[in-house]
Each structure stands twice: as structure tokens, then as C-alpha cells.
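Visitor: I am attaching a structure below and will ask some questions about it afterwards.
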Amino acid sequence: MSSGFLQFRRRLVDYAATFTAAFLSAIVVGTLVAIFAYLLIKGAGSVNWAFLTHTPKPVGEIGGGMANAIVGSALILGMASLIGIPFGIGAGIYLAEYGRNRLGAFVRFTADVLNGVPSIVIGLVAYGLVVFTQGHFSAFAGGVALAIMMVPVVARTTEEMLLLVPQAVREAAFGLGIPQWRTTISITLASARAGILTGIMLAFARVAGETAPLMFTALGNQFWSFSPNQPIAAVPLQIYTYALSPYDDWHRQAWAAALVLVALIVGTISLVRFVFARSTLREAR
């Protein structure tokens with residue numbers, strides 16, 4: 001077999017692989033663009049200042065907004081992040097640095113199973129753990145439900161990112177007399193923080209649009225509520241309620257809320273990535 005033919009075959013395989021990768025990437029990006037474009041067409045006309053600053057109108061009245069639901073979603077997601085992210089990162093550190101044993105295998109298996117549990121089941125679990133214990137629905141219960149969903153995603157992503165850090169980096173730190181816990185916190189985590197942040201954003205995006213867990217925990221609220229110990233509105237709950245209603249105005253507001261929810265998720269992830277990139281660039285200088 002001549003060298004010219006081998007070179008031609010290598011180029012052909014390279015072009016085919018490049019085209020396949022580009023085609024699949026275009027499908028992914030195109031799907032996102034199509035969804036966002038459809039939401040713009042259906043919901044952009046109903047997004048205005050009143051929609052963003054007013055609470056819902058009584059049944060049958062036209063107008064109103066979802067300001068309380070937007071604030072409620074922010075509070076629930078904030079509580080979920082405060083609970084779920086530390087537990088997830090801690091579990092990921094254990095699995096990567098200390099989890100090469102039976103307990104680590106059990107934790108890893110549990111995280112994988114928990115990743116596949118339907119969200120409505122997570123809602124029922126949070127209902128039994130928090131709502132039934134407290135005797136009432138609350139924003140805190142919603143935060144717990146979403147936190148349970150965040151933990152396995154953050155844990156497994158953190159583990160995989162820490163395992164990508166070369167072992168030579170750890171050995172160099174040990175050679176300088178740095179204890180393992182300090183090496184993990186100051187060196188290994190710092191080396192993998194970009195990937196860990198990606199996992200956190202993935203978990204955040206996954207739970208931000210969940211409705212089923214909040215139906216059993218936060219319940220919903222037509223009025224302003226800032227207490228973590230009371231039922232609270234959330235954008236996914238409002239979308240679900242409005243989409244099932246017989247009123248055309250509520251249908252339009254449901255599309256508008258879906259657009260706002262997607263925009264908030266994209267905006268939050270973009271802002272975090274921008275701040276992280278700025279801090280990384282500043283440290284590099």
C-alpha cells in the first residue's frame with residue numbers, strides 16, 4: 001500500500017470525522033436556537049414591565065404579572081444551591097481522593113441511581129422529610145427537593161474533574177510536606193475549578209425548570225412571600241397552572257414566563273462564567 005494512498009485515507013477520515021462533529025454540534029445548537037426562537041415568537045409580545053413587576057390578577061381578570069414567581073424561584077434556587085453545592089462538592093472530593101473502597105463504590109452507585117430517579121419521586125421524598133415534619137408547605141421544602149437533585153450531578157462532575165488532575169501534581173505537593181487535605185483544597189480543587197463550575201451550572205440549569213418537586217413542597221402562592229417557612233410562588237409552577245387554564249391571557253403569560261425562565265437561566269450561567277473568566281485572567285496576570 002503506497003504512502004500516497006495512506007495519506008489520502010487519513011485525510012478522508014479526518015474530513016469525515018470533522019464533518020460529523022460539526023454536523024452534530026450544529027444539531028445541538030440549532031435545537032437550542034429553535035426553542036428560543038419559538039419562545040420569542042409565542043411569548044415576547046407578553047413580556048413587559050407590568051409582567052415583570054406585578055403579581056397575578058384574580059381569576060378572570062386580564063393582565064397582571066409574575067414578579068412574585070420570579071423572586072420565589074430565585075429564593076428557592078438560592079436555598080437549593082446553598083444546600084446542594086457544598087454537599088455535592090464534598091461528596092465529589094471524597095470519591096476522587098478517598099473513595100477507592102467499598103464505601104466509595106456505594107456512594108458512587110447511589111449518586112448514579114439518584115441521577116435517574118424521576119423528579120416527582122424526589123418531590124414526594126422531600127414532602128415526607130420536610131413538609132410532613134413541619135406540617136405545612138414552604139419555600140425551604142422546595143429548596144431541599146431541588147438540592148437533592150443537584151447533589152449527584154455536582155458530586156459526579158467534581159469527581160471526574162478531580163481525577164483529571166495529574167497525580168504528579170499531588171505527589172509534588174506531598175514532596176514539599178503539604179498534607180493531603182491542604183493539597184486537595186489549595187491545589188487539586190484550584191486546578192479543576194473550571195470543570196467543577198461547569199458541573200454546578202449543569203445542575204443549576206437542570207433544577208431551575210423543575211415543576212413536579214415544587215408541587216409537593218413549595219405549593220405556590222398568588223401573593224408576595226419572602227419567608228422560607230411559607231408557601232411561595234415559582235415560575236415553573238405558574239407556567240404549569242397557566243398552561244392548564246382555559247384563559248387565553250393566561251396562556252400568553254405562560255409562554256412569556258417560559259421565555260423569561262430560559263433567559264434567566266442563560267443569563268445566570270453566562271454571568272457566572274464571565275465572572276469566573278475575569279477572575280482567572282486576573283490571577284494569570
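Residues are referred to by chain and number: the chain letter is A, B, ... according to the order shown in the C-alpha cells, the number counts from 1 in that chain, and ligands are numbered separately from 1 in the order shown.
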Residues within 12 Å of region 251-259 of chain A, please, as a PyMOL selection string. Count only C-alpha atoms; anything in the same chain fewer than 4 positions from it doesn't count.

Guide: chain A and resi 35-48+50-52+55-57+62-70+73+208-210+234-247+263-267

Visitor: Which residues in region 32-85 of chain A does DSSP call alpha helix (DSSP H)? List them as number ranges by chain.

Guide: A: 32-43, 49-53, 67-85

Visitor: Taking into account only C-alpha atoms, which residue in the set A:Phe137, A:Phe276, A:Phe5, A:Trp181 is nearest to Asn221 (chain A)?

Guide: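 Of A:Phe137, A:Phe276, A:Phe5, A:Trp181, the one nearest Asn221 (chain A) is A:Phe137, counting only C-alpha atoms.
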
Visitor: Please compute the CA of Val169 (chain A)-CA of Glu97 (chain A) distance, one decimal, in Å.

Guide: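 Here the two named atoms are 13.1 Å from each other.
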
Visitor: If you count only C-alpha atoms, which residues fall within 12 Å of region 211-219 of chain A, apart from same-chain ones fewer than 5 positions away, as a ChimeraX atom specification?

Guide: /A:69,72-73,75-77,80,117-149,206,225,227-241

Visitor: Can you list, as JSON, numbers by chain, every protein, DNA or RNA residue that comes within 9 Å of Thr157 (chain A) when you count only C-alpha atoms, leaving out same-chain residues fewer than 4 positions away?

Guide: {"A": [88, 89, 92, 152, 153, 161, 162, 195, 196, 198, 199, 200]}

Visitor: Would you put the residues from that selection into a file with N, CA and C atoms, as a compact mmCIF listing (two decimals), in the first residue's frame?

Guide:
```
# COMPACT_ATOMS: atom_id res chain seq x y z
N GLY A 88 -22.51 18.34 47.32
CA GLY A 88 -22.05 17.71 46.09
C GLY A 88 -20.54 17.78 45.92
N ILE A 89 -19.97 18.96 46.17
CA ILE A 89 -18.51 19.10 46.05
C ILE A 89 -17.81 18.23 47.09
N GLY A 92 -17.93 14.70 45.93
CA GLY A 92 -17.02 14.50 44.81
C GLY A 92 -15.57 14.44 45.26
N PRO A 152 -26.16 14.75 43.26
CA PRO A 152 -25.46 13.73 42.47
C PRO A 152 -24.78 14.29 41.23
N VAL A 153 -25.38 15.30 40.59
CA VAL A 153 -24.76 15.89 39.39
C VAL A 153 -23.45 16.58 39.77
N MET A 161 -13.70 15.66 37.37
CA MET A 161 -12.76 16.75 37.15
C MET A 161 -11.51 16.61 38.02
N LEU A 162 -11.67 16.16 39.26
CA LEU A 162 -10.52 15.97 40.14
C LEU A 162 -9.65 14.82 39.66
N GLY A 195 -13.92 22.91 35.50
CA GLY A 195 -14.82 21.79 35.27
C GLY A 195 -15.87 21.65 36.36
N ILE A 196 -15.48 21.92 37.61
CA ILE A 196 -16.43 21.85 38.71
C ILE A 196 -17.51 22.91 38.54
N THR A 198 -18.57 24.10 35.74
CA THR A 198 -19.44 23.62 34.68
C THR A 198 -20.47 22.63 35.22
N GLY A 199 -20.03 21.74 36.10
CA GLY A 199 -20.96 20.80 36.72
C GLY A 199 -22.02 21.48 37.57
N ILE A 200 -21.60 22.52 38.29
CA ILE A 200 -22.55 23.27 39.11
C ILE A 200 -23.59 23.95 38.23
```

Visitor: Which is closest to Val262 (chain A) among A:Leu163, A:Phe174, A:Ala205, A:Phe23, if we use only C-alpha atoms?

Guide: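 Nearest candidate to Val262 (chain A) out of A:Leu163, A:Phe174, A:Ala205, A:Phe23: A:Ala205.
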